[in-house]
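Undergrad: Contents of final.txt (compact mmCIF, C-alpha atoms):
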```
# COMPACT_ATOMS: atom_id res chain seq x y z
CA GLY X 1 100.17 -65.83 -88.35
CA LYS X 2 101.72 -62.53 -87.31
CA GLY X 3 99.82 -62.75 -84.04
CA PHE X 4 102.13 -65.60 -83.01
CA LEU X 5 105.32 -63.55 -83.52
CA PRO X 6 107.29 -62.45 -80.44
CA LYS X 7 106.85 -58.87 -79.29
CA THR X 8 110.53 -57.86 -79.56
CA GLU X 9 112.54 -57.14 -82.71
CA GLU X 10 115.19 -59.68 -81.70
CA GLY X 11 112.54 -62.33 -81.10
CA ILE X 12 111.01 -61.70 -84.54
CA VAL X 13 114.44 -62.09 -86.18
CA GLN X 14 115.02 -65.36 -84.32
CA MET X 15 111.63 -66.68 -85.41
CA LYS X 16 112.38 -65.84 -89.06
CA ILE X 17 115.75 -67.58 -88.76
CA LYS X 18 114.04 -70.69 -87.39
CA GLU X 19 111.61 -70.73 -90.32
CA LEU X 20 114.44 -70.42 -92.82
CA LYS X 21 116.54 -73.15 -91.19
CA ASN X 22 113.63 -75.55 -90.89
CA GLY X 23 112.56 -74.84 -94.47
CA ARG X 24 116.05 -75.46 -95.85
CA LEU X 25 116.35 -78.66 -93.84
CA ALA X 26 112.92 -79.77 -95.10
CA MET X 27 113.92 -79.24 -98.75
CA LEU X 28 116.98 -81.44 -98.27
CA ALA X 29 115.01 -84.01 -96.28
CA VAL X 30 112.19 -84.32 -98.82
CA SER X 31 114.54 -84.66 -101.79
CA GLY X 32 116.60 -87.25 -99.89
CA ALA X 33 113.54 -89.23 -98.84
CA LEU X 34 112.11 -89.31 -102.38
CA THR X 35 115.44 -90.29 -103.90
CA GLN X 36 116.06 -93.04 -101.33
CA SER X 37 112.51 -94.34 -101.66
CA MET X 38 112.79 -94.65 -105.46
CA ALA X 39 116.30 -96.14 -105.29
CA TYR X 40 115.39 -98.82 -102.73
CA GLY X 41 111.84 -99.43 -103.93
CA VAL X 42 110.55 -98.96 -100.37
CA TYR X 43 107.67 -96.49 -100.23
CA THR X 44 106.99 -96.36 -96.48
CA PHE X 45 108.84 -94.55 -93.68
CA PRO X 46 111.80 -94.68 -93.14
CA TRP X 47 112.40 -95.65 -96.80
CA THR X 48 115.42 -97.84 -96.03
CA LEU X 49 116.54 -101.34 -96.89
CA PRO X 50 114.90 -103.74 -94.46
CA ALA X 51 116.64 -104.10 -91.12
CA PRO X 52 116.88 -107.63 -89.66
CA ASN X 53 113.55 -107.62 -87.89
CA ALA X 54 110.18 -109.06 -88.80
CA VAL X 55 108.25 -105.77 -88.72
CA GLN X 56 110.30 -104.10 -91.45
CA SER X 57 110.46 -107.37 -93.35
CA ARG X 58 106.67 -107.40 -93.53
CA THR X 59 106.82 -103.79 -94.73
CA ALA X 60 109.16 -104.84 -97.54
CA LEU X 61 106.81 -107.70 -98.39
CA ARG X 62 103.90 -105.26 -98.74
CA ALA X 63 106.11 -103.09 -100.97
CA VAL X 64 106.62 -106.09 -103.24
CA GLU X 65 102.95 -107.05 -103.31
CA PHE X 66 101.89 -103.53 -104.28
CA LYS X 67 104.99 -102.66 -106.31
CA GLY X 68 104.18 -100.18 -109.06
CA GLN X 69 100.79 -99.06 -107.78
CA SER X 70 102.44 -96.27 -105.82
CA GLY X 71 105.74 -96.23 -107.69
CA PRO X 72 107.20 -93.58 -109.96
CA PHE X 73 106.62 -95.32 -113.29
CA GLY X 74 102.91 -96.09 -113.26
CA ALA X 75 100.81 -99.04 -112.25
CA LEU X 76 101.97 -102.64 -112.30
CA ASP X 77 99.50 -105.53 -112.15
CA VAL X 78 99.95 -107.27 -108.77
CA ALA X 79 99.22 -110.57 -110.47
CA GLU X 80 102.15 -110.18 -112.87
CA PRO X 81 104.38 -113.30 -112.71
CA LYS X 82 107.54 -111.30 -111.93
CA THR X 83 105.84 -109.62 -108.97
CA LEU X 84 104.48 -112.91 -107.64
CA GLU X 85 107.93 -114.49 -107.98
CA LEU X 86 109.51 -111.69 -105.93
CA THR X 87 106.78 -112.00 -103.32
CA ASP X 88 107.32 -115.74 -102.99
CA ARG X 89 111.07 -115.27 -102.62
CA VAL X 90 110.61 -112.67 -99.88
CA ARG X 91 108.18 -114.95 -98.04
CA ALA X 92 110.61 -117.86 -98.31
CA VAL X 93 113.47 -115.82 -96.81
CA ILE X 94 111.28 -114.56 -93.94
CA LYS X 95 110.11 -118.13 -93.25
CA SER X 96 113.65 -119.52 -93.13
CA LYS X 97 115.45 -116.62 -91.40
CA GLY X 98 112.63 -114.97 -89.51
CA SER X 99 113.30 -111.66 -91.28
CA LEU X 100 114.48 -110.19 -94.57
CA ASP X 101 118.13 -109.24 -94.06
CA ARG X 102 120.01 -106.77 -96.22
CA GLU X 103 121.97 -109.41 -98.13
CA SER X 104 118.79 -111.26 -99.10
CA TYR X 105 117.10 -107.99 -100.10
CA ARG X 106 119.95 -107.11 -102.43
CA GLU X 107 120.01 -110.61 -103.89
CA ILE X 108 116.26 -110.57 -104.61
CA PHE X 109 115.79 -107.00 -105.82
CA LEU X 110 119.12 -105.68 -107.05
CA ALA X 111 121.25 -108.59 -108.25
CA PRO X 112 120.92 -109.37 -111.97
CA LYS X 113 120.05 -112.87 -113.04
CA PRO X 114 123.10 -115.05 -113.80
CA ASP X 115 122.20 -115.35 -117.47
CA ALA X 116 121.22 -111.67 -117.89
CA VAL X 117 123.30 -109.26 -119.95
CA PHE X 118 124.21 -106.19 -117.90
CA ALA X 119 122.09 -103.15 -118.81
CA GLY X 120 120.61 -104.99 -121.76
CA GLY X 121 124.00 -105.05 -123.47
CA LEU X 122 124.33 -101.26 -123.70
CA VAL X 123 127.82 -99.98 -124.42
CA GLY X 124 129.41 -98.28 -121.41
CA SER X 125 130.99 -100.92 -119.18
CA GLU X 126 133.99 -101.71 -121.38
CA TYR X 127 137.51 -100.23 -121.47
CA HIS X 128 137.70 -98.92 -117.92
CA GLY X 129 141.42 -99.36 -117.39
CA TRP X 130 141.02 -102.57 -115.42
CA GLY X 131 138.62 -104.28 -117.80
CA THR X 132 134.83 -104.29 -117.61
CA TYR X 133 133.22 -102.22 -114.86
CA GLN X 134 129.49 -102.75 -114.40
CA TRP X 135 128.40 -99.81 -112.24
CA ASP X 136 124.75 -99.63 -111.22
CA PRO X 137 124.57 -99.24 -107.41
CA ALA X 138 120.85 -98.39 -107.39
CA GLY X 139 119.98 -101.43 -109.50
CA LEU X 140 118.08 -99.34 -112.04
CA ALA X 141 119.05 -101.56 -114.97
CA THR X 142 117.81 -104.62 -113.11
CA ARG X 143 114.62 -103.19 -111.66
CA TYR X 144 113.50 -101.04 -114.59
CA PRO X 145 114.91 -102.67 -117.75
CA GLU X 146 112.01 -101.29 -119.78
CA HIS X 147 113.35 -97.76 -119.18
CA LEU X 148 116.93 -98.46 -120.30
CA PRO X 149 116.44 -97.01 -123.82
CA TRP X 150 115.08 -93.79 -122.30
CA TYR X 151 117.99 -93.60 -119.83
CA ARG X 152 120.55 -93.93 -122.64
CA GLU X 153 118.71 -91.50 -124.93
CA ALA X 154 118.63 -88.89 -122.14
CA GLU X 155 122.24 -89.50 -121.13
CA LEU X 156 123.60 -89.11 -124.65
CA LYS X 157 121.53 -85.99 -125.26
CA HIS X 158 122.85 -84.38 -122.10
CA CYS X 159 126.40 -85.51 -122.95
CA ARG X 160 126.28 -83.91 -126.39
CA VAL X 161 124.73 -80.68 -125.12
CA ALA X 162 127.36 -80.48 -122.36
CA MET X 163 130.24 -80.98 -124.81
CA LEU X 164 128.89 -78.19 -127.02
CA ALA X 165 128.32 -76.04 -123.93
CA TRP X 166 131.94 -76.49 -122.87
CA LEU X 167 133.08 -75.16 -126.23
CA GLY X 168 130.58 -72.32 -125.87
CA LEU X 169 132.03 -71.38 -122.50
CA ILE X 170 135.63 -71.14 -123.71
CA VAL X 171 135.74 -70.25 -127.42
CA PRO X 172 133.92 -66.85 -127.23
CA ASP X 173 136.66 -65.57 -124.89
CA PHE X 174 139.11 -65.91 -127.79
CA VAL X 175 137.07 -65.92 -131.01
CA ARG X 176 133.66 -64.37 -131.73
CA ILE X 177 131.23 -65.13 -134.55
CA PRO X 178 131.78 -62.30 -137.09
CA LEU X 179 128.32 -60.76 -136.70
CA ASP X 180 127.54 -57.47 -134.99
CA ASP X 181 125.28 -59.26 -132.49
CA PHE X 182 128.27 -61.07 -130.96
CA GLN X 183 130.97 -58.36 -131.08
CA ASP X 184 129.84 -56.52 -127.94
CA PRO X 185 132.85 -56.72 -125.54
CA THR X 186 130.51 -56.67 -122.52
CA LEU X 187 128.79 -59.88 -123.68
CA THR X 188 129.58 -62.67 -121.16
CA LEU X 189 128.17 -66.03 -120.17
CA GLU X 190 126.31 -64.29 -117.34
CA ASN X 191 124.37 -61.80 -119.49
CA ALA X 192 124.41 -63.39 -122.96
CA HIS X 193 120.94 -64.91 -122.65
CA ASN X 194 119.16 -61.64 -121.90
CA LYS X 195 121.30 -59.50 -124.19
CA LEU X 196 120.71 -61.77 -127.19
CA ILE X 197 116.92 -61.64 -126.90
CA TYR X 198 115.74 -58.40 -128.50
CA GLY X 199 112.04 -59.07 -128.29
CA LEU X 200 109.45 -61.71 -129.02
CA GLY X 201 110.83 -63.78 -131.90
CA THR X 202 113.90 -61.62 -132.51
CA GLY X 203 117.52 -62.10 -131.50
CA PRO X 204 120.13 -64.88 -131.72
CA MET X 205 118.61 -66.81 -128.82
CA TRP X 206 115.50 -67.32 -130.93
CA TRP X 207 117.72 -68.65 -133.73
CA LEU X 208 119.11 -71.17 -131.25
CA LEU X 209 115.61 -72.15 -130.14
CA LEU X 210 114.61 -72.71 -133.77
CA PHE X 211 117.72 -74.83 -134.41
CA CYS X 212 117.05 -77.01 -131.35
CA GLY X 213 113.37 -77.28 -132.30
CA ILE X 214 114.27 -78.61 -135.74
CA ILE X 215 116.56 -81.28 -134.27
CA GLU X 216 113.93 -82.34 -131.74
CA SER X 217 111.25 -82.44 -134.45
CA LEU X 218 113.39 -84.75 -136.57
CA ARG X 219 113.88 -87.01 -133.55
CA PHE X 220 110.13 -87.08 -132.93
CA LYS X 221 109.66 -88.02 -136.57
CA GLN X 222 112.07 -90.94 -136.09
CA LEU X 223 110.65 -92.25 -132.80
CA GLY X 224 107.07 -90.94 -132.63
CA LEU X 225 105.67 -88.29 -130.31
CA ASP X 226 105.52 -90.85 -127.48
CA PHE X 227 109.00 -92.21 -128.33
CA GLY X 228 107.26 -95.53 -128.94
CA LYS X 229 109.89 -96.64 -131.45
CA LEU X 230 112.77 -96.04 -129.02
CA THR X 231 114.82 -99.21 -128.43
CA LEU X 232 118.17 -100.19 -126.99
CA GLU X 233 119.51 -100.35 -130.53
CA ASN X 234 118.53 -96.83 -131.64
CA ALA X 235 118.78 -94.95 -128.31
CA GLY X 236 120.88 -91.86 -128.97
CA ASP X 237 121.31 -92.71 -132.65
CA VAL X 238 120.19 -89.65 -134.60
CA GLY X 239 121.66 -91.03 -137.83
CA PHE X 240 124.34 -88.33 -138.06
CA GLY X 241 128.06 -88.92 -138.59
CA LYS X 242 127.98 -92.68 -139.13
CA GLY X 243 130.43 -92.28 -141.98
CA PHE X 244 133.13 -91.36 -139.44
CA LEU X 245 132.70 -94.57 -137.43
CA PRO X 246 135.44 -97.23 -137.58
CA LYS X 247 134.83 -100.23 -139.80
CA THR X 248 135.22 -102.90 -137.09
CA GLU X 249 132.76 -103.77 -134.31
CA GLU X 250 135.43 -103.26 -131.64
CA GLY X 251 136.32 -99.87 -133.10
CA ILE X 252 132.67 -98.79 -133.01
CA VAL X 253 132.39 -99.84 -129.35
CA GLN X 254 135.54 -97.88 -128.50
CA MET X 255 134.18 -94.79 -130.27
CA LYS X 256 130.89 -95.03 -128.36
CA ILE X 257 132.81 -95.38 -125.09
CA LYS X 258 134.82 -92.26 -125.93
CA GLU X 259 131.64 -90.29 -126.55
CA LEU X 260 130.13 -91.43 -123.24
CA LYS X 261 133.28 -90.71 -121.22
CA ASN X 262 133.84 -87.30 -122.79
CA GLY X 263 130.16 -86.47 -122.40
CA ARG X 264 130.04 -87.46 -118.74
CA LEU X 265 133.20 -85.45 -118.08
CA ALA X 266 131.70 -82.49 -119.94
CA MET X 267 128.55 -82.56 -117.78
CA LEU X 268 130.68 -82.35 -114.64
CA ALA X 269 132.97 -79.73 -116.18
CA VAL X 270 130.17 -77.44 -117.33
CA SER X 271 128.36 -77.58 -114.01
CA GLY X 272 131.64 -76.87 -112.20
CA ALA X 273 132.58 -74.00 -114.50
CA LEU X 274 129.16 -72.35 -114.21
CA THR X 275 129.08 -72.74 -110.43
CA GLN X 276 132.59 -71.35 -110.02
CA SER X 277 131.92 -68.49 -112.42
CA MET X 278 128.77 -67.41 -110.57
CA ALA X 279 130.38 -67.86 -107.15
CA TYR X 280 133.45 -65.76 -107.99
CA GLY X 281 131.71 -63.31 -110.30
CA VAL X 282 134.33 -64.00 -112.98
CA TYR X 283 132.77 -64.69 -116.37
CA THR X 284 135.82 -65.40 -118.54
CA PHE X 285 138.03 -68.48 -118.77
CA PRO X 286 139.36 -69.91 -116.43
CA TRP X 287 136.72 -68.40 -114.12
CA THR X 288 139.03 -67.99 -111.14
CA LEU X 289 139.88 -65.14 -108.81
CA PRO X 290 143.07 -63.27 -109.82
CA SER X 291 146.21 -64.63 -108.18
CA PRO X 292 148.04 -62.19 -105.86
CA ASN X 293 150.88 -61.38 -108.27
```
Since I need it in another form, could you write the structure as structure tokens?

TA:
Amino acid sequence: GKGFLPKTEEGIVQMKIKELKNGRLAMLAVSGALTQSMAYGVYTFPWTLPAPNAVQSRTALRAVEFKGQSGPFGALDVAEPKTLELTDRVRAVIKSKGSLDRESYREIFLAPKPDAVFAGGLVGSEYHGWGTYQWDPAGLATRYPEHLPWYREAELKHCRVAMLAWLGLIVPDFVRIPLDDFQDPTLTLENAHNKLIYGLGTGPMWWLLLFCGIIESLRFKQLGLDFGKLTLENAGDVGFGKGFLPKTEEGIVQMKIKELKNGRLAMLAVSGALTQSMAYGVYTFPWTLPSPN
């Protein structure tokens, strides 16, 4: 396509700038469109909750009738009772109101049933300062209850890794493992990965890979290679440390809440620390630019 470039140097620079700007905007637009489409369950442009007009209401109705066939979690039989029930409810609202308004959409697709237990009864909504706080703005627990065990398994795994990572970011600035591999004063969070790989299969990073592989292999042994034995009851339960749990049911719930809260905070903290460290080029705690004194 160089034949379409302008003939002047300034024109070529402007054309390259336009390509970069449009490309960056497209990356944001595509990620936003995909996220919004999955969150709302609307797979046609403009991927929004139905506005109060009949055309978009019919679009939402088609999304219900073919829900799952083009969705992110595989096919869903259009004759499934739950799908037919949703379709009938959408049709009833359109017949009575002339369109599917936002309030009706939320009531049909996102609101849990009155007798349903929030998020399948998973711990996480209790002890939020002002009582129970059931937070699920995208309605994932309601729309995809079959994936709740996987959500909790993934969340707890990321929480635990982030808590360990936070320790790994801070502790080496004050204390090092007493092995020659870790005593190098130039070893920082920015270069540790490359410096601790000496070659194929050698170096501390390979030790870490082996350690993680053993843990994952034990988890596969517990749940199967397809995680077919994963349930709400055993999600995140690797069978380690149960002896430290309190003896009462309430105490166990409180301990699980503490793990979730600390893990969620750690995920935010680690991402913030890494971003700030890379942005400032400061690789030791507290990863800030020196103050002017």

Undergrad: Determine, counting all atoms listed in the file, every residue of protein, DNA or RNA that lies within 10 Å of (115.6, -94.6, -94.7) in the file coordinates, then give the result as a list in words.

TA: Gly32, Ala33, Leu34, Gln36, Ser37, Tyr40, Val42, Tyr43, Thr44, Phe45, Pro46, Trp47, Thr48, Leu49 and Pro50 of chain X

Undergrad: Taking all atoms listed in the file into account, which of X:Gly199, X:Gly281, X:Pro204, X:Gly236 comes nearest X:Arg152?

TA: X:Gly236

Undergrad: Provide the atom CA of X:Gln134 to atom CA of X:Asp237 distance in Å, to one decimal place.

TA: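 Between these atoms lies a distance of 22.4 Å.
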
Undergrad: From the list X:Met15, X:Thr8, X:Leu230, X:Leu245, which residue is nearest X:Trp150 when using only C-alpha atoms?

TA: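 Ranking X:Met15, X:Thr8, X:Leu230, X:Leu245 by distance to X:Trp150, first place goes to X:Leu230.
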
Undergrad: Tell me, as an MDAnalysis selection string, which residues lie within 12 Å of X:Glu153, counting only C-alpha atoms; anything in the same chain fewer than 6 positions away does not count.

TA: chainID X and resid 122 147 159:160 219 223 227 230:238 260

Undergrad: Contacts of stretch 210-215 of chain X at 12 Å or less, counting all atoms listed in the file, minus same-chain residues fewer than 5 places along, as a list in words?

TA: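 Contacts, with the query itself left out: Lys157, Val161, Gly201, Thr202, Gly203, Pro204, Met205, Phe220, Lys221, Gln222, Val238, Gly239 and Phe240 of chain X.
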
Undergrad: Give the answer as one residue: which of X:Gln276, X:Ser271, X:Gln254, X:Ser31 has the shortest atom-to-atom distance to X:Ala165, using all atoms listed in the file?

TA: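 Of the candidates, the smallest distance to X:Ala165 is held by X:Ser271.
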
Undergrad: With the input short on atoms, add N, CA, C and O atoms back to stretch 156-182 of chain X and write it as a PDB file, in the frame of the given file.

TA:
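out-v9.pdb was written with the following content:
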```
ATOM      1  N   LEU X 156     122.851 -89.560-123.487  1.00  0.00           N
ATOM      2  CA  LEU X 156     123.600 -89.110-124.650  1.00  0.00           C
ATOM      3  C   LEU X 156     123.217 -87.688-125.056  1.00  0.00           C
ATOM      4  O   LEU X 156     124.068 -86.900-125.479  1.00  0.00           O
ATOM      5  N   LYS X 157     121.943 -87.349-124.917  1.00  0.00           N
ATOM      6  CA  LYS X 157     121.530 -85.990-125.260  1.00  0.00           C
ATOM      7  C   LYS X 157     122.185 -84.983-124.332  1.00  0.00           C
ATOM      8  O   LYS X 157     122.692 -83.938-124.774  1.00  0.00           O
ATOM      9  N   HIS X 158     122.202 -85.279-123.045  1.00  0.00           N
ATOM     10  CA  HIS X 158     122.850 -84.380-122.100  1.00  0.00           C
ATOM     11  C   HIS X 158     124.365 -84.340-122.327  1.00  0.00           C
ATOM     12  O   HIS X 158     124.995 -83.281-122.182  1.00  0.00           O
ATOM     13  N   CYS X 159     124.966 -85.484-122.667  1.00  0.00           N
ATOM     14  CA  CYS X 159     126.400 -85.510-122.950  1.00  0.00           C
ATOM     15  C   CYS X 159     126.738 -84.594-124.115  1.00  0.00           C
ATOM     16  O   CYS X 159     127.686 -83.797-124.045  1.00  0.00           O
ATOM     17  N   ARG X 160     125.983 -84.696-125.192  1.00  0.00           N
ATOM     18  CA  ARG X 160     126.280 -83.910-126.390  1.00  0.00           C
ATOM     19  C   ARG X 160     126.054 -82.416-126.145  1.00  0.00           C
ATOM     20  O   ARG X 160     126.840 -81.576-126.589  1.00  0.00           O
ATOM     21  N   VAL X 161     124.978 -82.087-125.445  1.00  0.00           N
ATOM     22  CA  VAL X 161     124.730 -80.680-125.120  1.00  0.00           C
ATOM     23  C   VAL X 161     125.843 -80.125-124.246  1.00  0.00           C
ATOM     24  O   VAL X 161     126.315 -78.998-124.439  1.00  0.00           O
ATOM     25  N   ALA X 162     126.303 -80.932-123.268  1.00  0.00           N
ATOM     26  CA  ALA X 162     127.360 -80.480-122.360  1.00  0.00           C
ATOM     27  C   ALA X 162     128.677 -80.277-123.096  1.00  0.00           C
ATOM     28  O   ALA X 162     129.422 -79.332-122.814  1.00  0.00           O
ATOM     29  N   MET X 163     128.990 -81.153-124.054  1.00  0.00           N
ATOM     30  CA  MET X 163     130.240 -80.980-124.810  1.00  0.00           C
ATOM     31  C   MET X 163     130.192 -79.706-125.652  1.00  0.00           C
ATOM     32  O   MET X 163     131.179 -78.974-125.729  1.00  0.00           O
ATOM     33  N   LEU X 164     129.039 -79.438-126.275  1.00  0.00           N
ATOM     34  CA  LEU X 164     128.890 -78.190-127.020  1.00  0.00           C
ATOM     35  C   LEU X 164     128.935 -76.983-126.081  1.00  0.00           C
ATOM     36  O   LEU X 164     129.511 -75.936-126.401  1.00  0.00           O
ATOM     37  N   ALA X 165     128.331 -77.131-124.902  1.00  0.00           N
ATOM     38  CA  ALA X 165     128.320 -76.040-123.930  1.00  0.00           C
ATOM     39  C   ALA X 165     129.732 -75.706-123.460  1.00  0.00           C
ATOM     40  O   ALA X 165     130.070 -74.529-123.251  1.00  0.00           O
ATOM     41  N   TRP X 166     130.562 -76.733-123.309  1.00  0.00           N
ATOM     42  CA  TRP X 166     131.940 -76.490-122.870  1.00  0.00           C
ATOM     43  C   TRP X 166     132.689 -75.646-123.904  1.00  0.00           C
ATOM     44  O   TRP X 166     133.413 -74.710-123.565  1.00  0.00           O
ATOM     45  N   LEU X 167     132.491 -75.985-125.174  1.00  0.00           N
ATOM     46  CA  LEU X 167     133.080 -75.160-126.230  1.00  0.00           C
ATOM     47  C   LEU X 167     132.521 -73.740-126.175  1.00  0.00           C
ATOM     48  O   LEU X 167     133.251 -72.759-126.330  1.00  0.00           O
ATOM     49  N   GLY X 168     131.212 -73.631-125.937  1.00  0.00           N
ATOM     50  CA  GLY X 168     130.580 -72.320-125.870  1.00  0.00           C
ATOM     51  C   GLY X 168     131.040 -71.480-124.710  1.00  0.00           C
ATOM     52  O   GLY X 168     130.986 -70.240-124.755  1.00  0.00           O
ATOM     53  N   LEU X 169     131.516 -72.123-123.642  1.00  0.00           N
ATOM     54  CA  LEU X 169     132.030 -71.380-122.500  1.00  0.00           C
ATOM     55  C   LEU X 169     133.411 -70.802-122.772  1.00  0.00           C
ATOM     56  O   LEU X 169     133.759 -69.717-122.274  1.00  0.00           O
ATOM     57  N   ILE X 170     134.225 -71.522-123.545  1.00  0.00           N
ATOM     58  CA  ILE X 170     135.630 -71.140-123.710  1.00  0.00           C
ATOM     59  C   ILE X 170     135.876 -70.336-124.981  1.00  0.00           C
ATOM     60  O   ILE X 170     136.509 -69.276-124.956  1.00  0.00           O
ATOM     61  N   VAL X 171     135.384 -70.833-126.120  1.00  0.00           N
ATOM     62  CA  VAL X 171     135.740 -70.250-127.420  1.00  0.00           C
ATOM     63  C   VAL X 171     135.408 -68.759-127.532  1.00  0.00           C
ATOM     64  O   VAL X 171     136.226 -67.980-128.029  1.00  0.00           O
ATOM     65  N   PRO X 172     134.232 -68.287-127.069  1.00  0.00           N
ATOM     66  CA  PRO X 172     133.920 -66.850-127.230  1.00  0.00           C
ATOM     67  C   PRO X 172     134.883 -65.910-126.512  1.00  0.00           C
ATOM     68  O   PRO X 172     134.926 -64.723-126.831  1.00  0.00           O
ATOM     69  N   ASP X 173     135.666 -66.427-125.543  1.00  0.00           N
ATOM     70  CA  ASP X 173     136.660 -65.570-124.890  1.00  0.00           C
ATOM     71  C   ASP X 173     137.841 -65.281-125.811  1.00  0.00           C
ATOM     72  O   ASP X 173     138.622 -64.360-125.552  1.00  0.00           O
ATOM     73  N   PHE X 174     137.976 -66.076-126.881  1.00  0.00           N
ATOM     74  CA  PHE X 174     139.110 -65.910-127.790  1.00  0.00           C
ATOM     75  C   PHE X 174     138.678 -65.571-129.218  1.00  0.00           C
ATOM     76  O   PHE X 174     139.361 -64.822-129.915  1.00  0.00           O
ATOM     77  N   VAL X 175     137.551 -66.135-129.643  1.00  0.00           N
ATOM     78  CA  VAL X 175     137.070 -65.920-131.010  1.00  0.00           C
ATOM     79  C   VAL X 175     135.570 -65.679-130.955  1.00  0.00           C
ATOM     80  O   VAL X 175     134.843 -66.403-130.273  1.00  0.00           O
ATOM     81  N   ARG X 176     135.092 -64.666-131.673  1.00  0.00           N
ATOM     82  CA  ARG X 176     133.660 -64.370-131.730  1.00  0.00           C
ATOM     83  C   ARG X 176     133.136 -64.602-133.157  1.00  0.00           C
ATOM     84  O   ARG X 176     133.871 -64.424-134.135  1.00  0.00           O
ATOM     85  N   ILE X 177     131.888 -65.011-133.240  1.00  0.00           N
ATOM     86  CA  ILE X 177     131.230 -65.130-134.550  1.00  0.00           C
ATOM     87  C   ILE X 177     131.220 -63.744-135.187  1.00  0.00           C
ATOM     88  O   ILE X 177     130.843 -62.761-134.539  1.00  0.00           O
ATOM     89  N   PRO X 178     131.653 -63.631-136.457  1.00  0.00           N
ATOM     90  CA  PRO X 178     131.780 -62.300-137.090  1.00  0.00           C
ATOM     91  C   PRO X 178     130.451 -61.680-137.484  1.00  0.00           C
ATOM     92  O   PRO X 178     130.199 -61.388-138.646  1.00  0.00           O
ATOM     93  N   LEU X 179     129.579 -61.479-136.504  1.00  0.00           N
ATOM     94  CA  LEU X 179     128.320 -60.760-136.700  1.00  0.00           C
ATOM     95  C   LEU X 179     128.234 -59.683-135.622  1.00  0.00           C
ATOM     96  O   LEU X 179     128.710 -59.880-134.492  1.00  0.00           O
ATOM     97  N   ASP X 180     127.614 -58.584-135.932  1.00  0.00           N
ATOM     98  CA  ASP X 180     127.540 -57.470-134.990  1.00  0.00           C
ATOM     99  C   ASP X 180     126.907 -57.875-133.663  1.00  0.00           C
ATOM    100  O   ASP X 180     127.264 -57.349-132.605  1.00  0.00           O
ATOM    101  N   ASP X 181     125.973 -58.843-133.718  1.00  0.00           N
ATOM    102  CA  ASP X 181     125.280 -59.260-132.490  1.00  0.00           C
ATOM    103  C   ASP X 181     126.245 -59.796-131.436  1.00  0.00           C
ATOM    104  O   ASP X 181     125.972 -59.709-130.238  1.00  0.00           O
ATOM    105  N   PHE X 182     127.372 -60.373-131.881  1.00  0.00           N
ATOM    106  CA  PHE X 182     128.270 -61.070-130.960  1.00  0.00           C
ATOM    107  C   PHE X 182     129.566 -60.303-130.681  1.00  0.00           C
ATOM    108  O   PHE X 182     130.421 -60.805-129.955  1.00  0.00           O
TER     109      PHE X 182
END
```
